[in-house]
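Asker: Sharing my_file-v4.txt (compact mmCIF, C-alpha atoms) below.
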```txt
# COMPACT_ATOMS: atom_id res chain seq x y z
CA MET A 1 -23.56 -20.50 0.97
CA LEU A 2 -25.74 -18.52 3.35
CA LEU A 3 -26.78 -20.26 6.54
CA SER A 4 -29.92 -19.37 8.42
CA LEU A 5 -29.27 -17.60 11.71
CA SER A 6 -30.42 -20.61 13.73
CA LYS A 7 -28.18 -23.02 11.77
CA MET A 8 -25.24 -20.66 12.16
CA LYS A 9 -25.91 -20.40 15.91
CA LYS A 10 -25.90 -24.21 16.20
CA LYS A 11 -22.70 -24.44 14.16
CA MET A 12 -21.10 -21.73 16.28
CA LEU A 13 -22.03 -23.48 19.53
CA LEU A 14 -20.52 -26.74 18.24
CA ASN A 15 -17.30 -25.03 17.17
CA ARG A 16 -16.93 -22.19 19.71
CA SER A 17 -13.96 -23.66 21.58
CA LEU A 18 -12.29 -24.67 18.32
CA PHE A 19 -12.63 -21.18 16.90
CA ARG A 20 -11.23 -19.73 20.13
CA ARG A 21 -8.26 -22.09 19.96
CA PHE A 22 -7.69 -21.10 16.34
CA LEU A 23 -7.72 -17.44 17.38
CA THR A 24 -5.33 -18.16 20.25
CA LYS A 25 -2.96 -19.83 17.78
CA LEU A 26 -3.16 -16.73 15.54
CA GLU A 27 -2.46 -14.54 18.54
CA LYS A 28 0.58 -16.55 19.63
CA ASP A 29 2.02 -17.10 16.15
CA PRO A 30 0.40 -14.73 13.62
CA PRO A 31 0.98 -15.75 10.02
CA ARG A 32 2.57 -13.28 7.66
CA GLY A 33 -0.08 -11.03 6.09
CA LEU A 34 -2.70 -11.66 8.79
CA ASP A 35 -4.01 -8.08 8.71
CA ASN A 36 -4.38 -8.16 4.92
CA LEU A 37 -6.13 -11.53 5.14
CA ALA A 38 -8.58 -10.08 7.70
CA VAL A 39 -9.37 -7.08 5.46
CA LYS A 40 -9.81 -9.26 2.36
CA THR A 41 -11.96 -11.79 4.21
CA ASP A 42 -14.02 -9.03 5.83
CA LYS A 43 -15.10 -7.78 2.40
CA LEU A 44 -16.27 -11.27 1.42
CA VAL A 45 -18.15 -11.74 4.68
CA TRP A 46 -20.07 -8.47 4.43
CA ALA A 47 -21.22 -9.37 0.91
CA GLU A 48 -23.20 -12.24 2.50
CA THR A 49 -24.22 -10.68 5.82
CA ASP A 50 -27.42 -8.77 6.54
CA CYS A 51 -27.20 -7.07 9.92
CA LEU A 52 -30.89 -6.20 9.88
CA ALA A 53 -31.74 -9.90 9.76
CA CYS A 54 -29.88 -10.37 13.04
CA ALA A 55 -29.21 -7.32 15.27
CA ASN A 56 -27.90 -9.73 17.89
CA CYS A 57 -25.25 -7.21 18.90
CA CYS A 58 -27.96 -4.68 19.79
CA LYS A 59 -30.08 -7.32 21.49
CA THR A 60 -27.42 -8.94 23.65
CA MET A 61 -24.51 -6.52 24.04
CA THR A 62 -24.05 -2.90 25.04
CA PRO A 63 -21.68 -0.39 23.54
CA THR A 64 -19.40 1.76 25.62
CA PHE A 65 -20.52 5.38 25.36
CA THR A 66 -17.67 7.89 25.23
CA ASN A 67 -18.16 11.45 26.46
CA THR A 68 -18.19 12.53 22.80
CA ASP A 69 -20.93 9.96 22.07
CA ILE A 70 -22.99 11.17 25.01
CA LYS A 71 -22.65 14.79 23.93
CA ARG A 72 -23.60 14.02 20.30
CA ILE A 73 -26.53 11.70 21.09
CA SER A 74 -28.00 13.84 23.85
CA ALA A 75 -27.92 16.89 21.55
CA HIS A 76 -29.62 14.85 18.82
CA LEU A 77 -32.35 13.87 21.31
CA ASN A 78 -32.65 17.44 22.62
CA MET A 79 -31.62 16.32 26.10
CA THR A 80 -28.94 17.47 28.47
CA GLU A 81 -26.02 15.09 28.87
CA ASP A 82 -27.00 14.51 32.51
CA ALA A 83 -30.61 13.75 31.59
CA PHE A 84 -29.46 11.34 28.88
CA LYS A 85 -27.14 9.51 31.29
CA LYS A 86 -29.79 9.37 33.99
CA LYS A 87 -32.44 8.00 31.62
CA TRP A 88 -30.41 5.49 29.60
CA LEU A 89 -26.94 4.78 31.00
CA LYS A 90 -25.06 3.40 33.98
CA LYS A 91 -21.39 3.00 34.81
CA ASP A 92 -19.91 -0.48 34.67
CA ARG A 93 -17.19 -1.84 36.97
CA ALA A 94 -14.49 -0.25 34.80
CA GLY A 95 -16.20 3.15 35.05
CA ASP A 96 -17.42 3.15 31.44
CA TRP A 97 -20.88 4.37 30.46
CA ILE A 98 -23.06 1.52 29.13
CA ASN A 99 -26.78 0.90 28.50
CA THR A 100 -28.92 0.16 31.54
CA LYS A 101 -30.88 -2.50 29.67
CA GLN A 102 -30.80 -4.93 26.80
CA PRO A 103 -31.86 -4.97 24.08
CA CYS A 104 -30.63 -1.48 23.37
CA GLN A 105 -33.25 1.17 23.97
CA PHE A 106 -32.61 2.60 20.49
CA LEU A 107 -33.26 -0.68 18.65
CA ASN A 108 -36.63 -1.05 16.92
CA LEU A 109 -37.38 -4.73 17.50
CA LYS A 110 -39.82 -4.89 14.59
CA ASP A 111 -37.30 -4.05 11.86
CA ASN A 112 -33.96 -4.24 13.76
CA LYS A 113 -33.13 -0.64 12.84
CA CYS A 114 -31.41 1.83 15.12
CA SER A 115 -33.39 4.97 15.89
CA ILE A 116 -30.16 6.98 16.35
CA TYR A 117 -28.18 5.33 13.55
CA ASP A 118 -26.70 8.58 12.20
CA VAL A 119 -25.36 9.55 15.65
CA ARG A 120 -24.86 6.09 17.17
CA PRO A 121 -21.91 5.46 19.50
CA LYS A 122 -18.51 4.96 17.93
CA ASP A 123 -18.45 1.47 19.45
CA CYS A 124 -21.56 0.61 17.40
CA SER A 125 -20.36 2.17 14.16
CA GLY A 126 -17.14 0.16 14.34
CA PHE A 127 -18.69 -3.13 15.41
CA PRO A 128 -17.60 -5.90 15.02
CA HIS A 129 -14.14 -4.31 14.69
CA HIS A 130 -12.83 -6.72 12.05
CA THR A 131 -10.43 -4.45 10.23
CA ARG A 132 -8.66 -2.63 13.01
CA ARG A 133 -4.99 -2.72 12.21
CA HIS A 134 -2.91 -5.35 13.93
CA MET A 135 -5.56 -8.02 14.33
CA VAL A 136 -3.52 -9.73 17.04
CA ASP A 137 -4.18 -6.73 19.30
CA TYR A 138 -7.93 -7.38 18.96
CA ILE A 139 -8.06 -11.20 19.09
CA HIS A 140 -9.83 -10.93 22.46
CA VAL A 141 -12.62 -8.97 20.72
CA PHE A 142 -12.92 -11.63 17.99
CA LYS A 143 -13.14 -14.34 20.66
CA GLN A 144 -16.06 -12.50 22.25
CA ASN A 145 -17.83 -11.47 19.07
CA VAL A 146 -17.70 -14.90 17.41
CA GLU A 147 -20.49 -15.91 19.81
CA TYR A 148 -22.73 -12.96 18.98
CA CYS A 149 -22.04 -11.88 15.42
CA PRO A 150 -22.63 -14.03 12.34
CA ALA A 151 -20.21 -11.83 10.39
CA THR A 152 -17.43 -12.54 12.88
CA PHE A 153 -18.29 -16.24 12.85
CA ARG A 154 -18.05 -16.32 9.05
CA LEU A 155 -14.84 -14.26 9.09
CA ILE A 156 -13.11 -16.74 11.39
CA GLU A 157 -14.53 -19.68 9.45
CA ARG A 158 -13.24 -18.22 6.19
CA MET A 159 -9.87 -17.40 7.74
CA ILE A 160 -9.55 -21.03 8.80
CA GLU A 161 -10.34 -22.03 5.21
CA GLY A 162 -7.95 -19.38 3.88
CA THR A 163 -5.02 -20.48 6.01
CA THR A 164 -5.45 -24.16 5.22
CA GLY A 165 -7.74 -24.52 2.24
CA LYS A 166 -10.25 -26.55 4.27
CA SER A 167 -11.86 -25.55 7.57
CA GLU A 168 -12.63 -29.21 8.31
CA VAL A 169 -8.90 -30.00 8.37
CA VAL A 170 -8.22 -27.33 10.99
CA ILE A 171 -11.27 -28.25 13.04
CA THR A 172 -10.24 -31.94 13.06
CA LYS A 173 -6.68 -30.99 14.03
CA LEU A 174 -7.88 -28.68 16.81
CA LYS A 175 -10.22 -31.38 18.12
CA GLU A 176 -7.33 -33.84 18.20
CA GLU A 177 -5.11 -31.30 19.99
CA GLY A 178 -7.89 -30.70 22.50
CA LYS A 179 -8.08 -34.43 23.24
CA VAL A 180 -4.30 -34.59 23.65
CA GLN A 181 -4.32 -31.56 26.00
CA LYS A 182 -7.15 -33.10 28.08
CA ALA A 183 -5.27 -36.40 28.28
CA LYS A 184 -2.11 -34.62 29.48
CA THR A 185 -4.00 -32.80 32.26
CA SER A 186 -5.82 -35.94 33.43
```
Take the structure from the file and write it as structure tokens.

Answerer:
Amino acid sequence: MLLSLSKMKKKMLLNRSLFRRFLTKLEKDPPRGLDNLAVKTDKLVWAETDCLACANCCKTMTPTFTNTDIKRISAHLNMTEDAFKKKWLKKDRAGDWINTKQPCQFLNLKDNKCSIYDVRPKDCSGFPHHTRRHMVDYIHVFKQNVEYCPATFRLIERMIEGTTGKSEVVITKLKEEGKVQKAKTS
């Protein structure tokens, strides 16, 4: 069943901490076949996801631009690398090149299409990074992206269903565990 973006956002906000706890459990004790489950689930999720209906990643996040990205994109735009950096990028605290503004300057807000799609940064072309091998090495990325990307939200939701048969069972269990943990710290 396809949810509207606003309904999915509400559902995500209600379950954000539960999904993060589920991901933490996967990280600490990954089930056998986790990477294969992620790949299989990813295929199902993309069959029901339309990025152009959302573009939230381009509206609220910024990719990291590698030197190779900068070289490729600046050449595509007939700019020098220095001119491209000066016009569009800044360095973050880690020293990585990122966009100076959001939404992304290359996003057409009328149709949610990227004006440099064919030469977009590697970070964009791989987003939301679902099928990188050894999912446990990227759980931190899933925890971040579940708030921004409907495909990631659905992937985690389906993984919960896939590991238990019913997402409601896991969500209820995680809620109960959360209450127990809060009671212990009080």

Asker: Name the closest residue to Gly95 of chain A among the candidates A:Asp137, A:Ala75, A:Lys11, A:Phe65; distances are taken between atoms, counting all atoms listed in the file.

Answerer: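 Answer, going by the shortest atom-to-atom distance: A:Phe65.
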
Asker: Given all atoms listed in the file, how would the per-residue table for segment 66-169 of chain A near segment 21-28 of chain A read, listing every residue at most 9 Å away with its closest atom pair and distance in Å to one decimal, sorted by chain and number, as CSV?

Answerer:
```
residue,atom,partner,partner_atom,distance
A:Met135,CA,A:Glu27,CA,8.4
A:Val136,CA,A:Glu27,CA,5.1
A:Asp137,CA,A:Glu27,CA,8.0
A:Ile139,CA,A:Leu23,CA,6.5
A:His140,CA,A:Leu23,CA,8.5
A:Phe142,CA,A:Leu23,CA,7.8
A:Lys143,CA,A:Leu23,CA,7.1
A:Ile156,CA,A:Leu23,CA,8.1
A:Ile160,CA,A:Phe22,CA,7.8
```

Asker: List the spatial neighbours of Gly33 of chain A as a list of chain:residue names - criterion: any atom at most 12 Å away, all atoms listed in the file, same-chain residues fewer than 2 positions off excluded.

Answerer: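 Here the qualifying residues turn out to be A:Leu26, A:Asp29, A:Pro30, A:Pro31, A:Asp35, A:Asn36, A:Leu37, A:Ala38, A:Val39, A:Lys40, A:Arg133, A:His134, A:Met135, A:Val136, A:Met159, A:Gly162, A:Thr163.
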
Asker: Kindly indicate which residue among A:Leu89, A:Cys104, A:Val45, A:Cys57 lies nearest to Arg154 of chain A, using all atoms listed in the file for the distances.

Answerer: A:Val45

Asker: Of the candidates A:Met79, A:Leu107, A:Val141, A:Ile70, which shows the shortest atom-to-atom distance to Lys122 of chain A, using all atoms listed in the file?

Answerer: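 Among A:Met79, A:Leu107, A:Val141, A:Ile70, it is A:Ile70 that comes nearest to Lys122 of chain A.
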
Asker: Do a neighbour search on Lys110 of chain A at 12 Å with all atoms listed in the file, toss out local chain neighbours closer than 3 positions, and write the hits as a PyMOL selection string.

Answerer: chain A and resi 52-55+106-107+113-115

Asker: Deliver the residues from the most recent selection as a file, using C-alpha atoms, as a PDB file, keeping the file's coordinate frame.

Answerer:
```pdb
ATOM      1  CA  LEU A  52     -30.890  -6.200   9.880  1.00  0.00           C
ATOM      2  CA  ALA A  53     -31.740  -9.900   9.760  1.00  0.00           C
ATOM      3  CA  CYS A  54     -29.880 -10.370  13.040  1.00  0.00           C
ATOM      4  CA  ALA A  55     -29.210  -7.320  15.270  1.00  0.00           C
ATOM      5  CA  PHE A 106     -32.610   2.600  20.490  1.00  0.00           C
ATOM      6  CA  LEU A 107     -33.260  -0.680  18.650  1.00  0.00           C
ATOM      7  CA  LYS A 113     -33.130  -0.640  12.840  1.00  0.00           C
ATOM      8  CA  CYS A 114     -31.410   1.830  15.120  1.00  0.00           C
ATOM      9  CA  SER A 115     -33.390   4.970  15.890  1.00  0.00           C
TER      10      SER A 115
END
```

Asker: Counting all atoms listed in the file, which residue out of A:Ser125, A:Thr64, A:Ser17, A:Thr41 sits closest to Glu161 of chain A?

Answerer: A:Thr41

Asker: Have a look at atom CA of Tyr117 of chain A and atom CA of Glu81 of chain A and let me know their distance in Å, one decimal.

Answerer: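 If I compute the distance from atom CA of Tyr117 of chain A to atom CA of Glu81 of chain A, I get 18.3 Å.
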
Asker: With distances taken over all atoms listed in the file, which residue among A:Lys85, A:Pro128, A:Met61, A:Thr68 lies nearest Lys101 of chain A?

Answerer: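 Smallest separation from Lys101 of chain A among the options: A:Met61.
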
Asker: What does the distance from atom CA of Gln102 of chain A to atom CA of Trp46 of chain A come to in Å, to one decimal?

Answerer: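 The value is 25.1 Å.
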
Asker: Using all atoms listed in the file, find the one residue out of A:Arg32, A:Leu13, A:Tyr148, A:Thr62 that sits nearest to Thr100 of chain A.

Answerer: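 The answer is A:Thr62, which sits nearest to Thr100 of chain A.
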
Asker: Which centre and edge lengths in Å to one decimal define the box along x, y and z that fits every listed atom of segment 40-56 of chain A plus 8 Å per side, as AutoDock Vina command-line options?

Answerer:
```
--center_x -20.8 --center_y -9.2 --center_z 9.4 --size_x 37.9 --size_y 22.0 --size_z 33.0
```

Asker: Might you pull out every residue within 10 Å of Thr66 of chain A, with only C-alpha atoms counted and same-chain residues fewer than 4 positions away left off, and present them as a ChimeraX atom specification?

Answerer: /A:70-72,96-98,121-123
